[in-house]
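So this block is target.tsv, TSV, C-alpha atoms:
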chain	number	residue	atom	x	y	z
G	1	LEU	CA	134.80	120.67	85.55
G	2	ALA	CA	137.17	123.25	84.07
G	3	LYS	CA	139.67	120.86	82.51
G	4	GLY	CA	137.88	117.52	82.09
G	5	SER	CA	136.66	116.05	78.80
G	6	PRO	CA	132.94	116.33	77.98
G	7	ALA	CA	132.53	112.73	79.19
G	8	ASP	CA	134.21	113.63	82.51
G	9	VAL	CA	131.97	116.66	82.94
G	10	LEU	CA	128.80	114.71	82.14
G	11	LEU	CA	129.78	111.88	84.49
G	12	GLU	CA	130.43	114.38	87.33
G	13	ALA	CA	126.99	115.86	86.73
G	14	ALA	CA	125.46	112.38	86.87
G	15	LEU	CA	127.29	111.57	90.11
G	16	GLY	CA	126.01	114.80	91.63
G	17	MET	CA	122.38	114.01	90.74
G	18	ASN	CA	122.47	110.29	91.70
G	19	ILE	CA	119.55	109.13	89.50
G	20	ALA	CA	118.03	111.56	87.02
G	21	SER	CA	116.83	111.90	83.45
G	22	ILE	CA	119.41	112.35	80.73
G	23	LYS	CA	118.10	115.80	79.82
G	24	ASP	CA	118.36	116.99	83.44
G	25	ILE	CA	121.92	115.70	83.74
G	26	VAL	CA	122.88	117.34	80.44
G	27	HIS	CA	121.34	120.61	81.66
G	28	GLN	CA	123.29	120.33	84.92
G	29	SER	CA	126.53	119.72	83.01
G	30	ARG	CA	126.07	122.91	80.93
G	31	LEU	CA	127.62	121.15	77.94
G	32	GLU	CA	126.72	122.13	74.42
G	33	ASN	CA	124.40	119.61	72.75
G	34	ALA	CA	127.04	118.28	70.35
G	35	ASP	CA	129.56	117.69	73.16
G	36	ALA	CA	126.85	116.22	75.42
G	37	GLU	CA	125.72	113.81	72.67
G	38	THR	CA	129.27	112.54	72.16
G	39	ALA	CA	129.89	112.26	75.91
G	40	LEU	CA	126.61	110.45	76.48
G	41	GLU	CA	127.36	107.89	73.80
G	42	GLU	CA	130.85	107.32	75.22
G	43	LEU	CA	129.64	106.86	78.80
G	44	LEU	CA	126.84	104.48	77.87
G	45	ARG	CA	129.10	102.45	75.58
G	46	SER	CA	131.81	102.12	78.25
G	47	GLY	CA	129.24	101.26	80.94
G	48	GLN	CA	130.16	104.22	83.14
G	49	LEU	CA	126.58	105.43	82.82
G	50	VAL	CA	123.72	102.93	83.31
G	51	ALA	CA	120.26	103.42	81.79
G	52	LEU	CA	117.43	102.23	84.03
G	53	GLU	CA	114.94	102.29	81.16
G	54	GLY	CA	114.78	101.32	77.52
G	55	GLY	CA	114.36	103.70	74.61
G	56	GLU	CA	116.52	106.06	72.63
G	57	ALA	CA	119.17	107.64	74.85
G	58	ALA	CA	119.37	111.17	73.47
G	59	VAL	CA	120.37	114.42	75.20
G	60	SER	CA	116.72	115.51	75.34
G	61	SER	CA	115.49	112.15	76.66
G	62	ASP	CA	113.56	111.57	79.90
G	63	ILE	CA	115.22	108.15	80.33
G	64	LEU	CA	116.60	107.70	83.84
G	65	VAL	CA	120.34	107.03	84.14
G	66	THR	CA	122.88	106.79	86.94
G	67	ALA	CA	126.62	106.40	87.28
G	68	LEU	CA	127.90	102.82	87.42
G	69	SER	CA	129.19	103.15	91.00
G	70	GLN	CA	125.82	104.43	92.19
G	71	TRP	CA	123.98	101.72	90.27
G	72	ASN	CA	126.12	99.00	91.86
G	73	ALA	CA	125.46	100.42	95.35
G	74	LEU	CA	121.69	100.65	94.76
G	75	ARG	CA	121.52	97.15	93.28
G	76	ASP	CA	123.49	95.66	96.16
G	77	LYS	CA	121.36	97.46	98.76
G	78	THR	CA	118.14	96.26	97.11
G	79	VAL	CA	119.32	92.66	96.93
G	80	GLN	CA	120.52	92.84	100.56
G	81	LEU	CA	117.14	94.15	101.74
G	82	VAL	CA	115.33	91.37	99.91
G	83	GLY	CA	117.64	88.75	101.39
G	84	SER	CA	117.20	90.13	104.91
G	85	TYR	CA	113.44	89.99	104.53
G	86	HIS	CA	113.62	86.33	103.50
G	87	ARG	CA	115.71	85.53	106.56
G	88	ASP	CA	113.25	87.31	108.85
G	89	HIS	CA	110.11	85.98	107.11
G	90	PRO	CA	110.95	82.65	105.43
G	91	LEU	CA	107.26	81.74	104.96
G	92	ARG	CA	106.44	84.83	102.89
G	93	ARG	CA	106.69	85.10	99.13
G	94	GLY	CA	108.78	88.25	99.32
G	95	ILE	CA	109.07	91.77	100.67
G	96	PRO	CA	106.03	93.93	99.82
G	97	ARG	CA	106.88	96.43	97.07
G	98	GLU	CA	105.75	99.41	99.14
G	99	GLU	CA	107.89	98.35	102.09
G	100	LEU	CA	110.95	97.94	99.86
G	101	LYS	CA	110.34	101.32	98.22
G	102	SER	CA	110.10	102.93	101.64
G	103	LYS	CA	113.32	101.30	102.85
G	104	LEU	CA	115.15	102.45	99.72
G	105	LYS	CA	113.66	105.96	100.08
G	106	LEU	CA	112.85	106.12	96.36
G	107	THR	CA	110.04	107.80	94.48
G	108	PRO	CA	107.72	105.65	92.31
G	109	ARG	CA	109.32	107.27	89.23
G	110	ILE	CA	112.67	105.72	90.15
G	111	PHE	CA	111.53	102.59	92.03
G	112	THR	CA	109.46	101.08	89.21
G	113	PRO	CA	112.20	101.06	86.53
G	114	LEU	CA	114.73	99.96	89.16
G	115	ILE	CA	112.69	96.83	89.94
G	116	GLN	CA	112.06	96.17	86.26
G	117	LYS	CA	115.76	96.38	85.44
G	118	LEU	CA	116.83	94.22	88.38
G	119	ALA	CA	114.23	91.62	87.40
G	120	ALA	CA	115.43	91.68	83.80
G	121	ASP	CA	119.01	91.18	85.05
G	122	ASN	CA	117.77	88.27	87.24
G	123	SER	CA	119.04	90.00	90.36
G	124	ILE	CA	115.55	89.76	91.86
G	125	ALA	CA	112.17	88.21	91.06
G	126	ASP	CA	109.25	90.63	90.67
G	127	ASN	CA	106.01	89.07	91.98
G	128	LEU	CA	103.96	92.21	91.22
G	129	SER	CA	102.91	92.81	94.84
G	130	SER	CA	106.22	91.67	96.33
G	131	VAL	CA	109.89	91.27	95.46
G	132	ALA	CA	111.94	88.12	96.12
G	133	ARG	CA	115.23	86.45	95.38
G	134	PRO	CA	115.19	84.43	92.13
G	135	GLY	CA	114.09	80.87	92.86
G	136	HIS	CA	112.78	81.65	96.34
G	137	GLU	CA	110.02	79.25	97.42
G	138	ILE	CA	107.94	78.96	100.56
G	139	ARG	CA	108.92	75.74	102.33
G	140	PHE	CA	107.52	74.33	105.57
G	141	ASP	CA	109.80	72.53	107.99
G	142	GLY	CA	108.92	69.12	109.40
G	143	GLN	CA	106.91	70.38	112.37
G	144	GLU	CA	105.02	72.86	110.21
G	145	GLN	CA	104.24	70.12	107.67
G	146	VAL	CA	102.63	68.00	110.39
G	147	LYS	CA	100.46	70.90	111.52
G	148	VAL	CA	99.48	71.74	107.93
G	149	GLN	CA	98.42	68.16	107.29
G	150	THR	CA	96.23	68.23	110.42
G	151	LEU	CA	94.63	71.46	109.22
G	152	ARG	CA	94.07	70.03	105.73
G	153	ARG	CA	92.16	67.10	107.24
G	154	LYS	CA	89.85	69.54	109.03
G	155	PHE	CA	89.07	71.25	105.74
G	156	GLU	CA	88.48	67.89	104.06
G	157	ALA	CA	86.06	66.83	106.81
G	158	ASN	CA	83.93	69.99	106.43
G	159	PRO	CA	84.68	71.59	103.06
G	160	PHE	CA	81.73	74.02	103.18
G	161	SER	CA	81.86	74.67	106.95
G	162	PRO	CA	85.62	74.80	107.47
G	163	PRO	CA	87.54	76.07	110.50
G	164	GLY	CA	87.60	79.86	110.86
G	165	VAL	CA	90.61	82.07	110.44
G	166	LYS	CA	91.37	82.25	114.17
G	167	GLU	CA	91.05	78.48	114.52
G	168	CYS	CA	93.45	77.99	111.61
G	169	GLN	CA	95.92	80.42	113.17
G	170	ALA	CA	95.68	78.61	116.50
G	171	GLU	CA	96.32	75.29	114.73
G	172	VAL	CA	99.35	76.19	112.60
G	173	GLY	CA	100.29	79.80	113.41
G	174	GLU	CA	99.56	83.07	111.63
G	175	GLU	CA	102.67	82.91	109.43
G	176	VAL	CA	101.76	79.45	108.12
G	177	VAL	CA	98.18	80.54	107.38
G	178	ASN	CA	99.52	83.56	105.47
G	179	ALA	CA	101.87	81.25	103.57
G	180	LEU	CA	98.99	78.96	102.59
G	181	LEU	CA	97.09	82.02	101.35
G	182	GLU	CA	100.09	83.22	99.35
G	183	LEU	CA	100.53	79.74	97.87
G	184	GLY	CA	96.88	79.82	96.81
G	185	GLU	CA	95.95	76.73	98.81
G	186	LEU	CA	93.52	78.75	100.92
G	187	VAL	CA	91.19	81.60	99.90
G	188	LEU	CA	90.18	84.30	102.38
G	189	VAL	CA	86.60	85.48	101.72
G	190	SER	CA	86.08	87.52	104.90
G	191	SER	CA	87.90	88.39	108.12
G	192	ASP	CA	86.81	85.07	109.63
G	193	VAL	CA	85.83	82.77	106.75
G	194	ILE	CA	88.42	80.89	104.74
G	195	PHE	CA	88.07	78.01	102.25
G	196	ARG	CA	90.38	75.56	100.54
G	197	ARG	CA	90.99	76.68	96.97
G	198	GLN	CA	89.37	73.58	95.47
G	199	ASP	CA	86.25	73.96	97.64
G	200	TYR	CA	86.02	77.67	96.89
G	201	ASP	CA	86.32	77.05	93.14
G	202	PHE	CA	83.64	74.36	93.32
G	203	MET	CA	81.25	76.65	95.23
G	204	VAL	CA	81.76	79.52	92.79
G	205	ALA	CA	81.18	77.19	89.84
G	206	GLU	CA	77.96	75.84	91.40
G	207	VAL	CA	76.66	79.33	92.17
G	208	ARG	CA	77.38	80.39	88.60
G	209	LYS	CA	75.71	77.27	87.21
G	210	THR	CA	72.59	77.71	89.35
G	211	ILE	CA	72.21	81.39	88.44
G	212	GLY	CA	72.78	80.53	84.79
G	213	ARG	CA	69.98	77.98	84.98
G	214	ASN	CA	67.50	79.94	87.14
G	215	GLY	CA	68.46	83.53	86.48
G	216	SER	CA	69.20	84.26	90.14
G	217	ILE	CA	69.92	82.69	93.52
G	218	THR	CA	69.11	83.55	97.15
G	219	LEU	CA	71.25	83.19	100.24
G	220	ALA	CA	68.93	80.44	101.50
G	221	GLU	CA	69.30	78.52	98.25
G	222	VAL	CA	73.07	78.69	98.46
G	223	ARG	CA	72.93	77.55	102.07
G	224	ASP	CA	70.80	74.55	101.08
G	225	LEU	CA	72.97	73.85	98.05
G	226	PHE	CA	76.05	73.32	100.20
G	227	LYS	CA	74.28	72.25	103.41
G	228	THR	CA	76.13	74.83	105.45
G	229	SER	CA	75.31	77.74	107.74
G	230	ARG	CA	74.38	81.32	106.95
G	231	LYS	CA	77.75	82.59	108.21
G	232	TYR	CA	79.70	80.85	105.45
G	233	VAL	CA	77.18	81.59	102.69
G	234	GLN	CA	76.87	85.27	103.51
G	235	ALA	CA	80.65	85.68	103.56
G	236	LEU	CA	80.94	83.85	100.23
G	237	LEU	CA	78.21	85.87	98.51
G	238	GLU	CA	79.52	89.20	99.76
G	239	HIS	CA	82.96	88.18	98.54
G	240	LEU	CA	81.53	87.30	95.10
G	241	ASP	CA	79.75	90.67	95.00
G	242	ALA	CA	83.02	92.46	95.81
G	243	SER	CA	84.85	90.36	93.19
G	244	SER	CA	82.29	91.35	90.50
G	245	VAL	CA	81.18	87.74	90.01
G	246	THR	CA	77.65	88.50	91.22
G	247	VAL	CA	75.55	91.58	91.85
G	248	ARG	CA	72.95	91.89	94.60
G	249	ASP	CA	69.36	92.70	93.68
G	250	GLY	CA	67.35	92.77	96.89
G	251	ASP	CA	67.39	89.23	98.27
G	252	LEU	CA	68.63	87.86	94.95
G	253	ARG	CA	72.08	87.49	93.41
G	254	ARG	CA	72.55	87.63	89.66
G	255	LEU	CA	75.68	87.20	87.57
G	256	LYS	CA	77.39	90.51	86.92
G	257	LYS	CA	77.24	91.39	83.22

Let me see whether you can do it: turn the structure in this file into structure tokens.
Amino acid sequence: LAKGSPADVLLEAALGMNIASIKDIVHQSRLENADAETALEELLRSGQLVALEGGEAAVSSDILVTALSQWNALRDKTVQLVGSYHRDHPLRRGIPREELKSKLKLTPRIFTPLIQKLAADNSIADNLSSVARPGHEIRFDGQEQVKVQTLRRKFEANPFSPPGVKECQAEVGEEVVNALLELGELVLVSSDVIFRRQDYDFMVAEVRKTIGRNGSITLAEVRDLFKTSRKYVQALLEHLDASSVTVRDGDLRRLKK
């Protein structure tokens, strides 16, 4: 600190702060603005300092930066955690963002730009709610495929009165059911009612069409429309209310404006 160049001093300050804004690192370095500006430009140009965010990298900037060695360690740890999650949970799309943030012990201020930069570098794939390796896909093995096909036939036989969640889990296993939900093949409308995507989309379209024609619809009318039981219809309508497709008005449902 006493004898190093301004770039050396600024880099030491960055190493001491791990990940921080440029202005905080400059303040920690106690460099004059002119020296700090020159040092910052040199470190960024040489790659010794890595910016986690875009924008103008000035001495007064809030842009987060870190030393190259610390960036490499954080990137490798993140990629390793994602890979470990895939090995432990091969039928899941990726590690939940909150779980990854907790494992990395990072604040949202740092975690969000970290994930954005790693995704831009193609080190990971950002699925919004989860993080995965690039190109990761959910794949069923041979035994799982057989079970899934059996389950699909049950849905085909009774599209509007399908097997419940627990029955599906008993048939193929909880992990496979979760995978089918993540793949969008199944839609969960309540804790016990689940539909195939195509059947769900058809039901929603028919409810919309009927309300559009008549102005409203009742639970009994929906039950008769699909020739199913109250359990399925009530779960569907409550789900549509919660999804802002419909709004309840006494015994009637109308389209939400």

Residue contacts of stretch 216-219 of chain G (9 Å, only C-alpha atoms) excluding same-chain residues fewer than 3 positions away, as a list of chain:residue names: G:Val207, G:Thr210, G:Ile211, G:Gly212, G:Arg213, G:Val222, G:Arg223, G:Asp224, G:Arg230, G:Val233, G:Gln234, G:Leu237, G:Asp251, G:Leu252, G:Arg253, G:Arg254, G:Leu255

Could you pull the residues within 12 Å of G:Ala170, counting only C-alpha atoms, minus those fewer than 5 positions along the same chain, as number ranges by chain? G: 147-148, 151, 163-165, 175-177

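Nearest residue to G:Phe202 among G:Glu56, G:Phe160, G:Ser229, G:Ser190 is G:Phe160, counting all atoms listed in the file.
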
What is the atom CA of G:Ile63 to atom CA of G:Met17 distance in Å? 13.9 Å

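Remark: for G:Leu183, the closest of the candidate residues G:Ala34, G:Leu91, G:Val146, G:Leu118 is G:Leu91 (distances computed over all atoms listed in the file).
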
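Considering all atoms listed in the file, the residue among G:Pro162, G:Gly215, G:Asp24, G:Arg196 positioned nearest to G:Lys231 is G:Pro162.
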
Smallest atom-to-atom distance to G:Pro90: which of G:Asn178, G:Ser244, G:Ser191, G:Ser161, using all atoms listed in the file? G:Asn178

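Taking atom CA of G:His136 and atom CA of G:Ala179 as endpoints, the distance between them is 13.1 Å.
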
Give me the residues within 12 Å of G:Arg87 as JSON, numbers by chain, counting all atoms listed in the file and dropping any in the same chain fewer than 6 places off. {"G": [80, 81, 93, 94, 95, 132, 133, 136, 138]}

May I have the residues within 12 Å of G:Asp121 as a ChimeraX atom specification, using all atoms listed in the file and disregarding those fewer than 4 positions away in the same chain? /G:52,75,79,114-117,125-126,133-134

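Picture a line from atom CA of G:Asn127 to atom CA of G:Pro96; it runs 9.2 Å.
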
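All polymer residues at most 9 Å from (90.8, 72.9, 110.9), using all atoms listed in the file, appear as Thr150, Leu151, Arg152, Arg153, Lys154, Phe155, Glu156, Ala157, Asn158, Pro162, Pro163, Gly164, Glu167, Cys168 and Glu171 of chain G.
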
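Counting all atoms listed in the file and comparing G:Leu181, G:Thr112, G:Arg92, G:Leu43, the residue that lies closest to G:Glu137 is G:Arg92.
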
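Once G:Arg30 and its same-chain neighbours fewer than 6 positions away are set aside, Leu1, Ala2, Pro6, Val9, Leu10, Glu12, Ala13, Lys23, Asp24, Ala36 and Val59 of chain G remain within 12 Å of it when counting all atoms listed in the file.
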
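For the choices G:Lys227, G:Ala205, G:Val50, G:Tyr232, the atom-to-atom distance to G:Thr246 is smallest for G:Ala205 when using all atoms listed in the file.
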
Box in all listed atoms of stretch 160-179 of chain G, axis-aligned, with 8 Å more on each side; write out centre and edge lengths in Å to one decimal as lines of an AutoDock Vina configuration file.
center_x = 92.2
center_y = 78.8
center_z = 109.8
size_x = 36.9
size_y = 25.5
size_z = 29.3
